[in-house]
>>> print(open('input09.txt').read())   # compact mmCIF, C-alpha atoms and all ligand atoms
# COMPACT_ATOMS: atom_id res chain seq x y z
CA MET A 1103 -20.43 -6.98 3.90
CA ALA A 1104 -23.55 -5.35 2.43
CA GLU A 1105 -23.08 -1.68 1.70
CA ASP A 1106 -25.96 -0.56 3.89
CA SER A 1107 -24.45 -2.34 6.89
CA TYR A 1108 -21.06 -0.63 6.80
CA PRO A 1109 -20.06 0.80 10.15
CA PRO A 1110 -20.13 4.60 10.16
CA ALA A 1111 -17.00 6.40 8.94
CA PRO A 1112 -14.63 7.16 11.83
CA GLU A 1113 -14.45 10.71 13.12
CA ARG A 1114 -11.20 11.59 11.36
CA LEU A 1115 -11.03 9.96 7.99
CA PRO A 1116 -7.65 9.20 6.41
CA ARG A 1117 -7.58 10.79 2.96
CA HIS A 1118 -5.11 8.22 1.68
CA ILE A 1119 -4.63 4.64 2.93
CA ALA A 1120 -1.65 2.55 1.76
CA ILE A 1121 -1.61 -1.20 2.37
CA ILE A 1122 0.98 -4.00 2.20
CA MET A 1123 -1.24 -6.98 1.55
CA ASP A 1124 0.93 -9.67 3.15
CA GLY A 1125 0.32 -13.21 4.36
CA ASN A 1126 -1.31 -14.98 1.40
CA GLY A 1127 1.26 -17.77 1.39
CA ARG A 1128 0.98 -18.47 5.11
CA TRP A 1129 -2.82 -18.38 4.91
CA ALA A 1130 -2.71 -21.13 2.28
CA LYS A 1131 -0.07 -23.15 4.14
CA LYS A 1132 -2.20 -23.18 7.28
CA ARG A 1133 -4.94 -24.85 5.23
CA PHE A 1134 -2.58 -27.29 3.50
CA LEU A 1135 -3.29 -25.52 0.22
CA PRO A 1136 -0.75 -24.41 -2.38
CA ARG A 1137 0.40 -20.74 -2.11
CA PRO A 1138 -1.58 -19.69 -5.23
CA ALA A 1139 -4.82 -20.49 -3.40
CA GLY A 1140 -3.88 -17.78 -0.90
CA HIS A 1141 -3.20 -15.29 -3.68
CA LYS A 1142 -6.58 -16.03 -5.26
CA VAL A 1143 -8.53 -15.46 -2.06
CA GLY A 1144 -6.31 -12.44 -1.34
CA ALA A 1145 -7.29 -10.88 -4.65
CA GLU A 1146 -11.00 -11.41 -3.91
CA VAL A 1147 -10.69 -9.54 -0.62
CA VAL A 1148 -9.76 -6.35 -2.45
CA ARG A 1149 -13.20 -5.87 -3.99
CA GLY A 1150 -15.04 -5.36 -0.69
CA LEU A 1151 -12.34 -3.06 0.70
CA VAL A 1152 -12.43 -0.84 -2.37
CA LYS A 1153 -16.20 -0.54 -2.08
CA ALA A 1154 -15.96 0.34 1.60
CA CYS A 1155 -13.32 3.02 0.94
CA SER A 1156 -15.54 4.52 -1.77
CA HIS A 1157 -18.51 4.41 0.57
CA TRP A 1158 -16.64 6.20 3.36
CA GLY A 1159 -15.25 8.86 1.03
CA VAL A 1160 -11.55 7.93 1.24
CA GLU A 1161 -9.71 9.75 -1.57
CA ALA A 1162 -6.98 7.23 -2.33
CA LEU A 1163 -6.21 3.59 -1.61
CA THR A 1164 -2.76 2.34 -2.59
CA LEU A 1165 -2.23 -1.43 -2.64
CA PHE A 1166 1.15 -3.16 -2.85
CA ALA A 1167 0.44 -5.95 -5.31
CA PHE A 1168 3.93 -6.97 -6.47
CA SER A 1169 7.29 -5.65 -5.34
CA SER A 1170 10.40 -5.22 -7.44
CA GLU A 1171 11.90 -8.00 -5.28
CA ASN A 1172 9.02 -10.44 -5.84
CA TRP A 1173 10.52 -11.47 -9.22
CA LYS A 1174 12.94 -13.58 -7.16
CA ARG A 1175 10.13 -15.96 -6.17
CA PRO A 1176 9.75 -19.35 -7.88
CA LYS A 1177 8.89 -18.95 -11.55
CA ASP A 1178 5.52 -20.69 -11.21
CA GLU A 1179 4.39 -18.35 -8.47
CA VAL A 1180 5.45 -15.24 -10.42
CA GLY A 1181 3.60 -16.55 -13.49
CA LEU A 1182 0.47 -17.17 -11.48
CA LEU A 1183 0.59 -13.70 -9.93
CA MET A 1184 0.87 -12.16 -13.41
CA ASP A 1185 -2.11 -14.19 -14.68
CA LEU A 1186 -4.13 -13.24 -11.63
CA PHE A 1187 -3.27 -9.58 -12.18
CA ILE A 1188 -4.42 -9.63 -15.82
CA ASN A 1189 -7.62 -11.50 -14.96
CA MET A 1190 -8.48 -9.16 -12.11
CA LEU A 1191 -8.04 -6.10 -14.32
CA ARG A 1192 -10.08 -7.69 -17.07
CA ARG A 1193 -12.89 -8.69 -14.72
CA GLU A 1194 -13.04 -5.74 -12.36
CA THR A 1195 -12.36 -2.64 -14.45
CA ARG A 1196 -15.91 -2.21 -15.70
CA GLU A 1197 -17.42 -2.45 -12.22
CA LEU A 1198 -14.80 -0.10 -10.78
CA ASP A 1199 -15.51 2.33 -13.59
CA SER A 1200 -19.24 2.24 -12.88
CA ASN A 1201 -18.45 3.05 -9.23
CA ASN A 1202 -16.53 6.17 -10.34
CA VAL A 1203 -13.17 4.67 -9.24
CA ARG A 1204 -10.08 5.98 -10.98
CA MET A 1205 -7.37 3.36 -11.44
CA ARG A 1206 -3.72 4.35 -11.34
CA PHE A 1207 -0.60 2.19 -11.50
CA ILE A 1208 2.81 2.89 -10.02
CA GLY A 1209 5.98 0.87 -10.64
CA ALA A 1210 8.26 -0.06 -13.53
CA ARG A 1211 5.58 -1.41 -15.83
CA GLU A 1212 7.93 -1.90 -18.80
CA ALA A 1213 9.09 -5.17 -17.17
CA PHE A 1214 5.63 -6.70 -17.66
CA SER A 1215 4.45 -8.61 -20.75
CA ASP A 1216 2.99 -6.56 -23.61
CA LYS A 1217 -0.39 -8.07 -22.81
CA LEU A 1218 -0.31 -6.93 -19.20
CA GLN A 1219 1.01 -3.49 -20.12
CA ALA A 1220 -1.84 -3.09 -22.60
CA ARG A 1221 -4.36 -4.17 -19.95
CA ILE A 1222 -2.93 -1.66 -17.46
CA ALA A 1223 -3.11 1.13 -20.05
CA GLU A 1224 -6.70 0.18 -20.88
CA SER A 1225 -7.80 0.21 -17.20
CA GLU A 1226 -6.18 3.62 -16.78
CA ARG A 1227 -7.73 5.00 -19.93
CA GLN A 1228 -11.20 3.67 -19.17
CA THR A 1229 -11.29 5.19 -15.68
CA ALA A 1230 -9.26 8.37 -16.31
CA GLY A 1231 -12.30 10.65 -16.14
CA ASN A 1232 -13.59 9.29 -12.81
CA THR A 1233 -13.70 11.53 -9.77
CA GLY A 1234 -14.29 9.05 -6.92
CA LEU A 1235 -11.76 6.88 -5.08
CA ASN A 1236 -8.25 6.73 -6.58
CA LEU A 1237 -7.26 3.06 -6.56
CA VAL A 1238 -3.49 2.91 -6.92
CA ILE A 1239 -1.95 -0.46 -7.72
CA ALA A 1240 1.76 -0.69 -6.93
CA ALA A 1241 3.10 -3.34 -9.28
CA ASN A 1242 6.79 -4.02 -9.87
CA TYR A 1243 7.08 -1.17 -7.43
CA GLY A 1244 9.96 -0.35 -5.11
CA GLY A 1245 10.33 2.75 -2.97
CA ARG A 1246 13.98 3.08 -3.96
CA TRP A 1247 13.06 2.79 -7.63
CA ASP A 1248 10.45 5.54 -7.14
CA ILE A 1249 12.96 7.94 -5.57
CA ALA A 1250 15.61 7.14 -8.19
CA ASP A 1251 13.05 7.61 -10.98
CA ALA A 1252 12.02 11.00 -9.62
CA ALA A 1253 15.70 11.99 -9.27
CA LYS A 1254 16.31 10.89 -12.85
CA ARG A 1255 13.51 13.07 -14.12
CA LEU A 1256 14.85 16.08 -12.25
CA ALA A 1257 18.40 15.33 -13.52
CA LYS A 1258 17.09 15.36 -17.09
CA ARG A 1259 15.48 18.75 -16.54
CA VAL A 1260 18.78 20.05 -15.17
CA ALA A 1261 20.63 18.63 -18.20
CA ASP A 1262 18.09 20.30 -20.50
CA GLY A 1263 18.72 23.62 -18.76
CA GLU A 1264 15.10 23.88 -17.55
CA ILE A 1265 16.11 24.00 -13.87
CA THR A 1266 19.40 24.32 -11.96
CA PRO A 1267 20.80 21.87 -9.35
CA ASP A 1268 19.62 24.29 -6.66
CA ASP A 1269 16.04 23.68 -7.81
CA VAL A 1270 16.33 20.03 -6.72
CA THR A 1271 14.48 20.47 -3.44
CA PRO A 1272 12.27 18.11 -1.42
CA GLU A 1273 9.27 19.89 -2.95
CA ALA A 1274 10.57 19.33 -6.50
CA LEU A 1275 11.26 15.67 -5.77
CA ASP A 1276 7.83 15.35 -4.23
CA ALA A 1277 6.29 16.72 -7.41
CA ALA A 1278 8.22 14.14 -9.46
CA ILE A 1279 7.38 11.09 -7.32
CA SER A 1280 4.89 8.50 -8.62
CA THR A 1281 2.01 9.53 -6.32
CA SER A 1282 2.41 13.29 -6.79
CA ALA A 1283 -1.23 13.66 -7.89
CA LEU A 1284 -2.47 12.35 -4.54
CA PRO A 1285 -2.34 13.47 -0.91
CA GLU A 1286 0.42 11.83 1.17
CA PRO A 1287 -0.67 8.56 2.79
CA ASP A 1288 -2.20 9.23 6.21
CA LEU A 1289 -2.54 5.60 7.24
CA PHE A 1290 -0.25 2.68 6.37
CA ILE A 1291 -1.45 -0.85 7.08
CA ARG A 1292 0.58 -4.06 6.88
CA THR A 1293 -1.18 -7.37 7.40
CA GLY A 1294 0.54 -10.69 8.02
CA GLY A 1295 2.45 -9.87 11.19
CA GLU A 1296 5.75 -8.51 9.83
CA ARG A 1297 6.77 -5.09 11.10
CA ARG A 1298 8.66 -3.75 8.12
CA ILE A 1299 8.22 -1.52 5.07
CA SER A 1300 9.73 -3.94 2.49
CA ASN A 1301 10.66 -1.15 0.06
CA PHE A 1302 7.10 0.20 -0.22
CA LEU A 1303 6.48 3.98 -0.35
CA LEU A 1304 9.75 5.07 1.31
CA TRP A 1305 9.50 8.74 0.39
CA GLN A 1306 5.77 9.10 0.93
CA LEU A 1307 5.60 7.45 4.36
CA ALA A 1308 7.66 10.16 6.10
CA TYR A 1309 4.76 11.22 8.36
CA THR A 1310 2.28 8.41 7.81
CA GLU A 1311 0.71 6.67 10.82
CA LEU A 1312 1.80 3.01 10.80
CA TYR A 1313 -0.57 0.17 11.70
CA PHE A 1314 0.47 -3.47 11.83
CA THR A 1315 -1.83 -6.44 12.27
CA ASP A 1316 -1.18 -10.18 12.54
CA THR A 1317 -4.30 -10.91 10.46
CA LEU A 1318 -3.29 -12.61 7.22
CA TRP A 1319 -4.37 -10.73 4.10
CA PRO A 1320 -7.04 -13.22 2.89
CA ASP A 1321 -8.74 -12.85 6.31
CA PHE A 1322 -8.60 -9.03 6.29
CA GLY A 1323 -12.14 -7.71 5.86
CA VAL A 1324 -14.03 -4.44 5.96
CA ARG A 1325 -14.32 -4.64 9.77
CA ASP A 1326 -10.54 -4.99 10.08
CA LEU A 1327 -10.04 -1.99 7.84
CA HIS A 1328 -12.53 -0.05 9.90
CA ALA A 1329 -10.69 -1.00 13.12
CA ALA A 1330 -7.44 0.35 11.63
CA MET A 1331 -9.22 3.59 10.69
CA VAL A 1332 -10.68 3.98 14.18
CA ASP A 1333 -7.19 3.45 15.65
CA PHE A 1334 -5.86 6.09 13.25
CA SER A 1335 -8.55 8.54 14.21
CA SER A 1336 -7.53 8.32 17.90
CA ARG A 1337 -3.90 9.30 17.23
CA GLN A 1338 -2.48 12.77 17.62
CA ARG A 1339 -0.38 13.67 14.57
CA ARG A 1340 2.19 16.24 15.58
CA PHE A 1341 4.38 16.74 12.49
CA GLY A 1342 7.24 17.90 14.73
CA LEU A 1343 5.16 20.29 16.84
CA THR A 1344 4.39 19.82 20.54
CA GLY A 1345 1.16 18.27 21.74
CA GLU A 1346 0.21 21.60 23.31
CA GLN A 1347 0.64 23.42 20.02
CA ILE A 1348 -1.60 20.91 18.30
CA GLU A 1349 -4.23 21.22 21.03
CA LYS A 1350 -4.20 24.99 20.61
CA GLY A 1351 -4.99 24.40 16.98
CA ALA A 1352 -1.61 25.34 15.49
CA GLU A 1353 -1.42 24.52 11.82
CA ARG A 1354 1.06 22.04 10.41
CA ALA A 1355 4.29 24.00 9.94
C1 LIG B 1401 1.66 -11.21 -0.22
O1 LIG B 1401 1.60 -12.46 0.37
C2 LIG B 1401 1.41 -11.25 -1.70
C3 LIG B 1401 2.60 -10.93 -2.52
C4 LIG B 1401 3.79 -10.65 -2.08
C5 LIG B 1401 2.39 -10.92 -3.96
P1 LIG B 1401 2.87 -13.42 0.44
O2 LIG B 1401 2.90 -14.26 -0.78
O3 LIG B 1401 4.10 -12.64 0.68
O4 LIG B 1401 2.49 -14.29 1.70
P2 LIG B 1401 3.49 -14.83 2.82
O5 LIG B 1401 4.21 -13.64 3.38
O6 LIG B 1401 4.42 -15.79 2.15
O7 LIG B 1401 2.59 -15.48 3.81
C1 LIG B 1402 5.69 -7.14 0.36
O1 LIG B 1402 5.53 -8.43 0.85
C2 LIG B 1402 5.25 -7.06 -1.07
C3 LIG B 1402 3.82 -7.23 -1.33
C4 LIG B 1402 2.89 -7.46 -0.46
C5 LIG B 1402 3.45 -7.13 -2.71
P1 LIG B 1402 6.71 -9.49 0.87
O2 LIG B 1402 6.14 -10.74 1.40
O3 LIG B 1402 7.34 -9.58 -0.49
O4 LIG B 1402 7.76 -8.84 1.87
P2 LIG B 1402 8.96 -9.51 2.68
O5 LIG B 1402 9.75 -10.31 1.70
O6 LIG B 1402 8.37 -10.36 3.74
O7 LIG B 1402 9.71 -8.36 3.26
MG MG B 1403 5.05 -12.05 2.39
>>> encode(input="input09.txt", output="structure tokens", more="lines below")
Ligand code: IPE
Ligand code: IPE
Ligand code: MG
Amino acid sequence: MAEDSYPPAPERLPRHIAIIMDGNGRWAKKRFLPRPAGHKVGAEVVRGLVKACSHWGVEALTLFAFSSENWKRPKDEVGLLMDLFINMLRRETRELDSNNVRMRFIGAREAFSDKLQARIAESERQTAGNTGLNLVIAANYGGRWDIADAAKRLAKRVADGEITPDDVTPEALDAAISTSALPEPDLFIRTGGERRISNFLLWQLAYTELYFTDTLWPDFGVRDLHAAMVDFSSRQRRFGLTGEQIEKGAERA
């Protein structure tokens, strides 16, 4: 979609959108194509969505690209996903940089090849000074890993005598979690019809609005994203308060 024809930003804009990009394999199967064809088209879709989020002034977009469980897929498919990942970073980083996008990566990156780790570090370095959209790629990411990793960091600080066990609070864990630099996700989207979290941002999704769509990821366009945002903007977020309190303008406790 051309940038000047984007629909207007919905009334209440999510600051942070997190997406499980699911359904590439089924999209390909429906067309009698091999699964990799779905992944390729799926990767292309990302470009337009990132531009739209930048255009609307969304602060962060987190995309689940590869889960810690996806290593269990056939070797060929895993290899192709890794190649696609490297190629995307190589091809897209410059353009993202020129659009003031800051790239961040969450997940256990040490499991990736040296080449891919170097590419990730380079994309991060190149865009580190940017102040526009934060594009967060979750790769070899698992929500349980994230929580355990944060707990490990706090445990080390306890062992070093910097903090005591009583300092291990939800706030401290929140500050140690992978996305601590960003606002909590306001809107979660999963394409592909499944209604599950699949070990995505378990900690961060505590109060996120969930949106599920049957649209397969390669078919998910800017209009679909906009529809999810409009749906989000019509919801009343209560954070444990009553509807009446919210209507009276009570602040989040
Ligand atoms: C999501 O699409 C992409 C990744 C998990 C990398 P899938 O490959 O899971 O597609 P389906 O769910 O098999 O259709
Ligand atoms: C979640 O999709 C992971 C990504 C989109 C990267 P999956 O396709 O792996 O999830 P399950 O296996 O259906 O739960
Ligand atoms: Mg899937």
>>> residues_around(input="input09.txt", residues="range 1210-1217 of chain A", least_positions_apart="5", cutoff="9 Å", atoms="all atoms listed in the file", output="PyMOL selection string")
chain A and resi 1170+1184+1188+1222+1241-1244+1247-1248
>>> closest_atom_pairs(input="input09.txt", of="range 1166-1264 of chain A", to="range 1283-1295 of chain A", cutoff="10 Å", atoms="all atoms listed in the file", output="Markdown table")
| residue | atom | partner | partner_atom | distance |
| --- | --- | --- | --- | --- |
| A:Phe1166 | CA | A:Arg1292 | CA | 9.8 |
| A:Asn1236 | CA | A:Leu1284 | CA | 8.3 |
| A:Val1238 | CA | A:Leu1284 | CA | 9.8 |
>>> residues_near_ligand(input="input09.txt", ligand="ligand LIG 1402 (chain B)", cutoff="8 Å", atoms="only C-alpha atoms and all ligand atoms", output="PDB file with C-alpha atoms, in the frame of the given file")
ATOM      1  CA  ILE A1122       0.980  -4.000   2.200  1.00  0.00           C
ATOM      2  CA  MET A1123      -1.240  -6.980   1.550  1.00  0.00           C
ATOM      3  CA  ASP A1124       0.930  -9.670   3.150  1.00  0.00           C
ATOM      4  CA  GLY A1125       0.320 -13.210   4.360  1.00  0.00           C
ATOM      5  CA  PHE A1166       1.150  -3.160  -2.850  1.00  0.00           C
ATOM      6  CA  ALA A1167       0.440  -5.950  -5.310  1.00  0.00           C
ATOM      7  CA  PHE A1168       3.930  -6.970  -6.470  1.00  0.00           C
ATOM      8  CA  SER A1169       7.290  -5.650  -5.340  1.00  0.00           C
ATOM      9  CA  GLU A1171      11.900  -8.000  -5.280  1.00  0.00           C
ATOM     10  CA  ASN A1172       9.020 -10.440  -5.840  1.00  0.00           C
ATOM     11  CA  ALA A1240       1.760  -0.690  -6.930  1.00  0.00           C
ATOM     12  CA  ALA A1241       3.100  -3.340  -9.280  1.00  0.00           C
ATOM     13  CA  GLU A1296       5.750  -8.510   9.830  1.00  0.00           C
ATOM     14  CA  ARG A1298       8.660  -3.750   8.120  1.00  0.00           C
ATOM     15  CA  ILE A1299       8.220  -1.520   5.070  1.00  0.00           C
ATOM     16  CA  SER A1300       9.730  -3.940   2.490  1.00  0.00           C
ATOM     17  CA  ASN A1301      10.660  -1.150   0.060  1.00  0.00           C
ATOM     18  CA  PHE A1302       7.100   0.200  -0.220  1.00  0.00           C
TER      19      PHE A1302
END
>>> residues_around(input="input09.txt", residues="Ala1250 in chain A", least_positions_apart="5", cutoff="10 Å", atoms="all atoms listed in the file", output="PyMOL selection string")
chain A and resi 1244-1245+1255-1256+1275+1279
>>> residues_around(input="input09.txt", residues="Val1152 in chain A", least_positions_apart="5", cutoff="9 Å", atoms="all atoms listed in the file", output="PDB file with C-alpha atoms, keeping the file's coordinate frame")
ATOM      1  CA  HIS A1157     -18.510   4.410   0.570  1.00  0.00           C
ATOM      2  CA  LEU A1163      -6.210   3.590  -1.610  1.00  0.00           C
ATOM      3  CA  LEU A1198     -14.800  -0.100 -10.780  1.00  0.00           C
ATOM      4  CA  VAL A1203     -13.170   4.670  -9.240  1.00  0.00           C
ATOM      5  CA  LEU A1235     -11.760   6.880  -5.080  1.00  0.00           C
ATOM      6  CA  LEU A1237      -7.260   3.060  -6.560  1.00  0.00           C
TER       7      LEU A1237
END
>>> closest_residue(input="input09.txt", among="A:Leu1115, A:Val1270, A:Ala1223, A:Leu1318", to="ligand MG 1403 (chain B)", atoms="all atoms listed in the file")
A:Leu1318
>>> residues_near_point(input="input09.txt", point="(-5.2, -12.8, -7.6)", cutoff="12 Å", atoms="only C-alpha atoms", output="PDB file with C-alpha atoms, in the coordinates of the input")
ATOM      1  CA  MET A1123      -1.240  -6.980   1.550  1.00  0.00           C
ATOM      2  CA  ASN A1126      -1.310 -14.980   1.400  1.00  0.00           C
ATOM      3  CA  ARG A1137       0.400 -20.740  -2.110  1.00  0.00           C
ATOM      4  CA  PRO A1138      -1.580 -19.690  -5.230  1.00  0.00           C
ATOM      5  CA  ALA A1139      -4.820 -20.490  -3.400  1.00  0.00           C
ATOM      6  CA  GLY A1140      -3.880 -17.780  -0.900  1.00  0.00           C
ATOM      7  CA  HIS A1141      -3.200 -15.290  -3.680  1.00  0.00           C
ATOM      8  CA  LYS A1142      -6.580 -16.030  -5.260  1.00  0.00           C
ATOM      9  CA  VAL A1143      -8.530 -15.460  -2.060  1.00  0.00           C
ATOM     10  CA  GLY A1144      -6.310 -12.440  -1.340  1.00  0.00           C
ATOM     11  CA  ALA A1145      -7.290 -10.880  -4.650  1.00  0.00           C
ATOM     12  CA  GLU A1146     -11.000 -11.410  -3.910  1.00  0.00           C
ATOM     13  CA  VAL A1147     -10.690  -9.540  -0.620  1.00  0.00           C
ATOM     14  CA  VAL A1148      -9.760  -6.350  -2.450  1.00  0.00           C
ATOM     15  CA  ARG A1149     -13.200  -5.870  -3.990  1.00  0.00           C
ATOM     16  CA  ALA A1167       0.440  -5.950  -5.310  1.00  0.00           C
ATOM     17  CA  PHE A1168       3.930  -6.970  -6.470  1.00  0.00           C
ATOM     18  CA  GLU A1179       4.390 -18.350  -8.470  1.00  0.00           C
ATOM     19  CA  VAL A1180       5.450 -15.240 -10.420  1.00  0.00           C
ATOM     20  CA  GLY A1181       3.600 -16.550 -13.490  1.00  0.00           C
ATOM     21  CA  LEU A1182       0.470 -17.170 -11.480  1.00  0.00           C
ATOM     22  CA  LEU A1183       0.590 -13.700  -9.930  1.00  0.00           C
ATOM     23  CA  MET A1184       0.870 -12.160 -13.410  1.00  0.00           C
ATOM     24  CA  ASP A1185      -2.110 -14.190 -14.680  1.00  0.00           C
ATOM     25  CA  LEU A1186      -4.130 -13.240 -11.630  1.00  0.00           C
ATOM     26  CA  PHE A1187      -3.270  -9.580 -12.180  1.00  0.00           C
ATOM     27  CA  ILE A1188      -4.420  -9.630 -15.820  1.00  0.00           C
ATOM     28  CA  ASN A1189      -7.620 -11.500 -14.960  1.00  0.00           C
ATOM     29  CA  MET A1190      -8.480  -9.160 -12.110  1.00  0.00           C
ATOM     30  CA  LEU A1191      -8.040  -6.100 -14.320  1.00  0.00           C
ATOM     31  CA  ARG A1192     -10.080  -7.690 -17.070  1.00  0.00           C
ATOM     32  CA  ARG A1193     -12.890  -8.690 -14.720  1.00  0.00           C
ATOM     33  CA  GLU A1194     -13.040  -5.740 -12.360  1.00  0.00           C
ATOM     34  CA  TRP A1319      -4.370 -10.730   4.100  1.00  0.00           C
ATOM     35  CA  PRO A1320      -7.040 -13.220   2.890  1.00  0.00           C
TER      36      PRO A1320
END
>>> atom_distance(input="input09.txt", atom1="CA of Met1331 in chain A", atom2="CA of Thr1164 in chain A")
14.8 Å
>>> closest_residue(input="input09.txt", among="A:Gly1342, A:Pro1176, A:Gly1150, A:Pro1116", to="ligand LIG 1401 (chain B)", atoms="only C-alpha atoms and all ligand atoms")
A:Pro1176
>>> closest_residue(input="input09.txt", among="A:Pro1272, A:Gly1234, A:Pro1136, A:Pro1267", to="ligand LIG 1401 (chain B)", atoms="only C-alpha atoms and all ligand atoms")
A:Pro1136
>>> atom_distance(input="input09.txt", atom1="CA of Ile1208 in chain A", atom2="CA of Asp1178 in chain A")
23.8 Å
>>> axis_aligned_box(input="input09.txt", around="range 1182-1193 of chain A", padding_each_side="3 Å", output="AutoDock Vina command-line options")
--center_x -6.0 --center_y -11.6 --center_z -13.5 --size_x 19.8 --size_y 17.1 --size_z 13.1
>>> residues_near_point(input="input09.txt", point="(4.5, 13.7, 0.0)", cutoff="8 Å", atoms="only C-alpha atoms", output="PDB file with C-alpha atoms, keeping the file's coordinate frame")
ATOM      1  CA  ASP A1276       7.830  15.350  -4.230  1.00  0.00           C
ATOM      2  CA  THR A1281       2.010   9.530  -6.320  1.00  0.00           C
ATOM      3  CA  SER A1282       2.410  13.290  -6.790  1.00  0.00           C
ATOM      4  CA  PRO A1285      -2.340  13.470  -0.910  1.00  0.00           C
ATOM      5  CA  GLU A1286       0.420  11.830   1.170  1.00  0.00           C
ATOM      6  CA  PRO A1287      -0.670   8.560   2.790  1.00  0.00           C
ATOM      7  CA  TRP A1305       9.500   8.740   0.390  1.00  0.00           C
ATOM      8  CA  GLN A1306       5.770   9.100   0.930  1.00  0.00           C
ATOM      9  CA  LEU A1307       5.600   7.450   4.360  1.00  0.00           C
ATOM     10  CA  ALA A1308       7.660  10.160   6.100  1.00  0.00           C
TER      11      ALA A1308
END
>>> atom_distance(input="input09.txt", atom1="CA of Ala1257 in chain A", atom2="CA of Gly1209 in chain A")
19.3 Å
>>> closest_residue(input="input09.txt", among="A:Gly1159, A:Thr1271, A:Met1205, A:Ile1239", to="Arg1114 in chain A", atoms="all atoms listed in the file")
A:Gly1159
>>> closest_residue(input="input09.txt", among="A:Thr1195, A:Gln1347, A:Ser1336, A:Thr1317", to="ligand LIG 1401 (chain B)", atoms="all atoms listed in the file")
A:Thr1317
>>> residues_around(input="input09.txt", residues="Met1103 in chain A", least_positions_apart="6", cutoff="9 Å", atoms="only C-alpha atoms", output="JSON, numbers by chain")
{"A": [1150, 1154, 1323, 1324, 1325]}
>>> closest_residue(input="input09.txt", among="A:Ile1121, A:Glu1161, A:Ser1335, A:Leu1343", to="ligand LIG 1401 (chain B)", atoms="all atoms listed in the file")
A:Ile1121
>>> residues_around(input="input09.txt", residues="Asp1199 in chain A", least_positions_apart="5", cutoff="10 Å", atoms="only C-alpha atoms", output="PyMOL selection string")
chain A and resi 1194+1204-1205+1225-1226+1228-1232+1234
